[in-house]
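> The structure that follows is given in the form of structure tokens.
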Amino acid sequence: MSANPTSVSDPEAHPAPPFPAPFGPAPSGGVGIGRTAQVVTGLVLLVPAAVALLWSYVLPSVSTLVESFRRGNGLGGPTESAGGDNYAQAIERGFLGDLGHALLLALVPLLLALLVAPLLALAAQRAGRVPRLVTRALLALPLAAYAPLAVGVAWTMDRFEADRDAWTQAPTLTAVRAVALLTAGLVVGVGATVFLAALRRGPGGGRSGPAVLAVGGVLGLAVVAVTVQSWSLQWPVLGGREDQVAPLVRIVRESVAWLQFGVGAAGNVLLLALLAVLGILAVVLLLVTRTRIAFTGWRDRPAGAPTGAPTGVPAGVRNPVALGLLAVGLLAFLGVLAYVLAPWLRALTAEAALLPSGVSTGQVQVNTWLPPLIPAVVGVGVAALAGFGIGGLRPLGRASELLLLPFAPWLFVGDGPLAIAHFVRAREADQLNTFVGLIPPGWLCIPALVVFTLLFRGQRERWEAGGGFGSSMLLPALPMLAGAGLLSWLVGAQSWLWPQLVVADVRHAPAANLVLLRLAESFGDPEATRGLVAQVLPLPMLLLFLAAFVALQLLYLDRLVIGAGPSTGDGPR
């Protein structure tokens with residue numbers, strides 16, 4: 001991986017020898033803005049992100065911690081101090097066993113992320129430009145088809161009779177297999193995408209090993225974090241067995257069904273503590289390895305130029321062995337995707353579902369897609385501003401990335417661990433069963449903040465070298481802004497824990513709520529739910545996301561380089 005992926009346009013140029021970085025404030029360089037203005041503006045751009053962090057994460061975490069030491073129903077009734085009894089009850093009721101079961105479910109996704117995904121990316125990188133682009137286009141399929149509840153319900157209903165004996169005789173092994181199959185496409189798709197960027201080299205050459213290790217470390221931590229707080233696959237995979245649930249399932253049950261908010265809060269605090277450790281480890285790993293993202297340009301390099309070639313293989317040279325291995329890997333990848341997605345894809349063409357009285361298809365789609373769009377736009381926009389403030393303007397000079405540390409404990413926190421705290425807040429504001437209450441409560445996308453910081457850090461050298469702000473910073477970030485916004489919107493629309501908590505009126509219910517309601521009413525009859533499953537991610541929206549993600553893969557992500565290690569610009573920055 002290049003030590004300087006963007007500041008040298010001549011592929012034959014040699015990077016400057018590394019010298020010790022000078023101490024003191026970083027100069028303005030060629031950015032055309034005074035150093036004082038950079039510091040002030042950078043810190044000001046952090047203010048919206050800090051406010052969003054406080055409102056969406058810090059205050060709910062504090063209220064969850066306070067509630068964990070109380071005994072009461074959490075709904076405004078009388079409370080009393082519980083000391084550490086709630087934590088003792090949470091552990092006695094199986095929190096550690098639930099956590100262990102979730103970690104067991106994470107084993108196969110970890111192998112896919114850290115072994116299969118990098119091998120597929122390496123084969124694609126060595127096979128040549130056209131095979132690499134074909135691979136990228138195929139990797140967009142599981143991202144666009146991200147509908148865990150719909151896919152899980154359709155697949156489980158289709159496999160119910162065939163897997164009945166397996167669930168009875170070997171439930172743990174069957175759960176591991178089901179989770180592995182249902183998540184394989186997404187894990188490999190995301191993993192191979194980031195490893196492809198880590199395997200590329202900038203114009204100055206260099207090693208890609210440090211970047212691959214940094215990416216692998218963060219990806220592994222992310223897989224564990226997502227698994228231990230997973231919710232979307234809990235009903236079709238783990239529901240129904242008291243001894244085989246993820247921690248969040250028991251926490252929500254204790255809080256909402258049993259009204260033991262203190263015990264549920266104690267479980268949430270334990271889960272938040274684990275996620276905080278994982279998030280801090282990920283951010284520290286990125287800081288220690290000096291990871292950055294750089295955009296290599298809108299046009300492809302001529303054949304023979306080292307940009308984008310894997311270590312030891314010139315660009316434009318196809319490796320027949322890699323091409324054969326890539327073909328085998330892609331066939332296996334598509335086979336698993338087809339096996340998992342086939343029941344859901346058949347449901348997309350099923351007859352229109354019979355909706356509850358007074359509810360129209362258009363209303364269901366508005367309830368599904370409009371509420372999560374609002375925090376997606378705000379959260380990613382605020383993250384981009386803060387990322388530019390930290391990585392682009394660098395108010396603390398070489399130590400600017402340390403400003404990510406206050407956000408790190410919540411890097412991997414989804415809507416689950418803080419959902420009960422947000423639910424209590426929504427109830428007190430009289431927002432239950434309203435459109436406003438249906439809006440997800442997360443107003444800052446912290447993973448996007450980290451990504452934008454690394455991107456603007458990687459582009460800073462080109463800006464300092466005299467590149468215009470538009471060509472060096474703004475234009476390379478716009479596709480990332482669009483991609484992060486679309487992904488955040490899709491994930492928010494497919495998250496069904498929050499709507500389940502705040503909406504009981506079918507007039508405000510999104511498609512996921514109606515699917516679960518129909519399942520309960522029909523006792524799991526697949527025919528009764530088939531049409532509603534198609535409403536969760538309807539065909540037009542699937543095609544929209546597919547077109548957008550394929551375009552991003554081919555026209556933008558293929559031109560990103562993830563670098564790690566010292567950079568020639570470390571001194572002045």
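Ligands are numbered from 1 in the order shown, residues from 1 within each chain, and chains are lettered A, B, ... in the order they appear in the structure tokens.
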Any idea what's packed within 8 Å of Val223 (chain A), counting only C-alpha atoms, ignoring anything in its chain fewer than 4 positions away? Could you give it as JSON, numbers by chain?
{"A": [106, 109, 110, 113, 219, 227]}
> Just the helix (DSSP H, G or I) stuff from region 338-529 of chain A, please, per backbone DSSP, written as a PyMOL selection string.
chain A and resi 338-348+361-392+397-410+419-428+435-438+446-464+469-494+497-502+506-508+511-522+526-529
> Per residue of region 404-519 of chain A within 9 Å of region 60-73 of chain A, record the nearest atom pair and its distance in Å to one decimal, counting only C-alpha atoms, with rows in chain order and ascending residue number, as CSV.

residue,atom,partner,partner_atom,distance
A:Pro417,CA,A:Ser61,CA,8.8
A:Leu418,CA,A:Pro60,CA,6.3
A:Ala419,CA,A:Pro60,CA,8.7
A:Ile420,CA,A:Thr64,CA,8.2
A:Ala421,CA,A:Pro60,CA,5.5
A:His422,CA,A:Pro60,CA,6.7
A:Arg425,CA,A:Pro60,CA,8.8
> Store the residues picked out above in a file with C-alpha atoms, as an mmCIF file, in the first residue's frame.

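This is the output file selection39.cif:
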data_model
loop_
_atom_site.group_PDB
_atom_site.id
_atom_site.type_symbol
_atom_site.label_atom_id
_atom_site.label_comp_id
_atom_site.auth_asym_id
_atom_site.auth_seq_id
_atom_site.Cartn_x
_atom_site.Cartn_y
_atom_site.Cartn_z
ATOM 1 C CA PRO A 417 -29.281 -1.322 23.375
ATOM 2 C CA LEU A 418 -30.705 2.209 23.706
ATOM 3 C CA ALA A 419 -34.178 1.448 22.347
ATOM 4 C CA ILE A 420 -35.834 1.218 25.763
ATOM 5 C CA ALA A 421 -34.382 4.573 26.860
ATOM 6 C CA HIS A 422 -35.609 6.169 23.632
ATOM 7 C CA ARG A 425 -38.465 9.410 26.107
#
> List the neighbours of Val321 (chain A) out to 12 Å using only C-alpha atoms; skip same-chain residues closer than 5 positions along the sequence, and give me the result as a PyMOL selection string.
chain A and resi 122-124+126-128+326-328
> Keeping N, CA and C atoms for every residue in the selection just given, could you write it to a file as a PDB file, in the first residue's frame?

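Saved as selection21.pdb:
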ATOM      1  N   LEU A 122      -8.642 -10.762  -3.188  1.00  0.00           N
ATOM      2  CA  LEU A 122      -7.311 -10.948  -3.760  1.00  0.00           C
ATOM      3  C   LEU A 122      -7.381 -11.585  -5.143  1.00  0.00           C
ATOM      4  N   ALA A 123      -8.246 -12.591  -5.280  1.00  0.00           N
ATOM      5  CA  ALA A 123      -8.407 -13.216  -6.593  1.00  0.00           C
ATOM      6  C   ALA A 123      -8.953 -12.221  -7.608  1.00  0.00           C
ATOM      7  N   ALA A 124      -9.919 -11.402  -7.209  1.00  0.00           N
ATOM      8  CA  ALA A 124     -10.470 -10.399  -8.120  1.00  0.00           C
ATOM      9  C   ALA A 124      -9.436  -9.362  -8.501  1.00  0.00           C
ATOM     10  N   ARG A 126      -6.153  -9.754  -8.644  1.00  0.00           N
ATOM     11  CA  ARG A 126      -5.108 -10.331  -9.490  1.00  0.00           C
ATOM     12  C   ARG A 126      -5.632 -10.837 -10.828  1.00  0.00           C
ATOM     13  N   ALA A 127      -6.948 -10.969 -10.947  1.00  0.00           N
ATOM     14  CA  ALA A 127      -7.513 -11.509 -12.184  1.00  0.00           C
ATOM     15  C   ALA A 127      -7.569 -10.476 -13.303  1.00  0.00           C
ATOM     16  N   GLY A 128      -7.441  -9.200 -13.003  1.00  0.00           N
ATOM     17  CA  GLY A 128      -7.497  -8.172 -14.023  1.00  0.00           C
ATOM     18  C   GLY A 128      -8.658  -7.224 -13.808  1.00  0.00           C
ATOM     19  N   LEU A 326     -11.262 -17.111  -8.952  1.00  0.00           N
ATOM     20  CA  LEU A 326     -12.311 -16.111  -8.825  1.00  0.00           C
ATOM     21  C   LEU A 326     -13.631 -16.656  -9.379  1.00  0.00           C
ATOM     22  N   ALA A 327     -13.585 -17.336 -10.509  1.00  0.00           N
ATOM     23  CA  ALA A 327     -14.800 -17.895 -11.096  1.00  0.00           C
ATOM     24  C   ALA A 327     -15.454 -18.889 -10.138  1.00  0.00           C
ATOM     25  N   VAL A 328     -14.650 -19.747  -9.518  1.00  0.00           N
ATOM     26  CA  VAL A 328     -15.190 -20.709  -8.561  1.00  0.00           C
ATOM     27  C   VAL A 328     -15.794 -19.990  -7.359  1.00  0.00           C
TER      28      VAL A 328
END
> Report the closest atom pair, with its distance in Å rounded to one decimal, for each residue of region 33-128 of chain A that has an atom no farther than 12 Å from region 136-141 of chain A; count only C-alpha atoms, sort by chain and then rising residue number, and write it as a Markdown table.

| residue | atom | partner | partner_atom | distance |
| --- | --- | --- | --- | --- |
| A:Ala117 | CA | A:Leu139 | CA | 10.5 |
| A:Leu120 | CA | A:Leu139 | CA | 10.6 |
| A:Ala121 | CA | A:Arg136 | CA | 9.3 |
| A:Ala124 | CA | A:Arg136 | CA | 8.8 |
| A:Gln125 | CA | A:Arg136 | CA | 10.4 |
> Deliver the residues from the most recent selection as a file, using N, CA, C and O atoms, as a PDB file, in the first residue's frame.

ATOM      1  N   ALA A 117     -13.731 -13.492   2.394  1.00  0.00           N
ATOM      2  CA  ALA A 117     -13.802 -12.173   1.758  1.00  0.00           C
ATOM      3  C   ALA A 117     -12.446 -11.683   1.261  1.00  0.00           C
ATOM      4  O   ALA A 117     -12.334 -11.247   0.105  1.00  0.00           O
ATOM      5  N   LEU A 120     -11.379 -13.781  -1.822  1.00  0.00           N
ATOM      6  CA  LEU A 120     -12.146 -13.405  -3.007  1.00  0.00           C
ATOM      7  C   LEU A 120     -11.657 -12.065  -3.562  1.00  0.00           C
ATOM      8  O   LEU A 120     -11.512 -11.892  -4.785  1.00  0.00           O
ATOM      9  N   ALA A 121     -11.387 -11.116  -2.660  1.00  0.00           N
ATOM     10  CA  ALA A 121     -10.885  -9.814  -3.108  1.00  0.00           C
ATOM     11  C   ALA A 121      -9.518  -9.937  -3.758  1.00  0.00           C
ATOM     12  O   ALA A 121      -9.232  -9.296  -4.788  1.00  0.00           O
ATOM     13  N   ALA A 124      -9.919 -11.402  -7.209  1.00  0.00           N
ATOM     14  CA  ALA A 124     -10.470 -10.399  -8.120  1.00  0.00           C
ATOM     15  C   ALA A 124      -9.436  -9.362  -8.501  1.00  0.00           C
ATOM     16  O   ALA A 124      -9.352  -8.936  -9.667  1.00  0.00           O
ATOM     17  N   GLN A 125      -8.598  -8.979  -7.561  1.00  0.00           N
ATOM     18  CA  GLN A 125      -7.582  -7.966  -7.842  1.00  0.00           C
ATOM     19  C   GLN A 125      -6.513  -8.499  -8.784  1.00  0.00           C
ATOM     20  O   GLN A 125      -6.039  -7.785  -9.678  1.00  0.00           O
TER      21      GLN A 125
END
> As an exercise, work out the distance from CA of Thr368 (chain A) to CA of Leu355 (chain A) in Å and give it to one decimal place.
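Distance reported for this atom pair: 14.5 Å.
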> Out of A:Ala214, A:Ala198, A:Val340, A:Ala150, which residue has the shortest atom-to-atom distance to Ser495 (chain A) when counting only C-alpha atoms?
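For Ser495 (chain A), the nearest of the given residues is A:Ala150.
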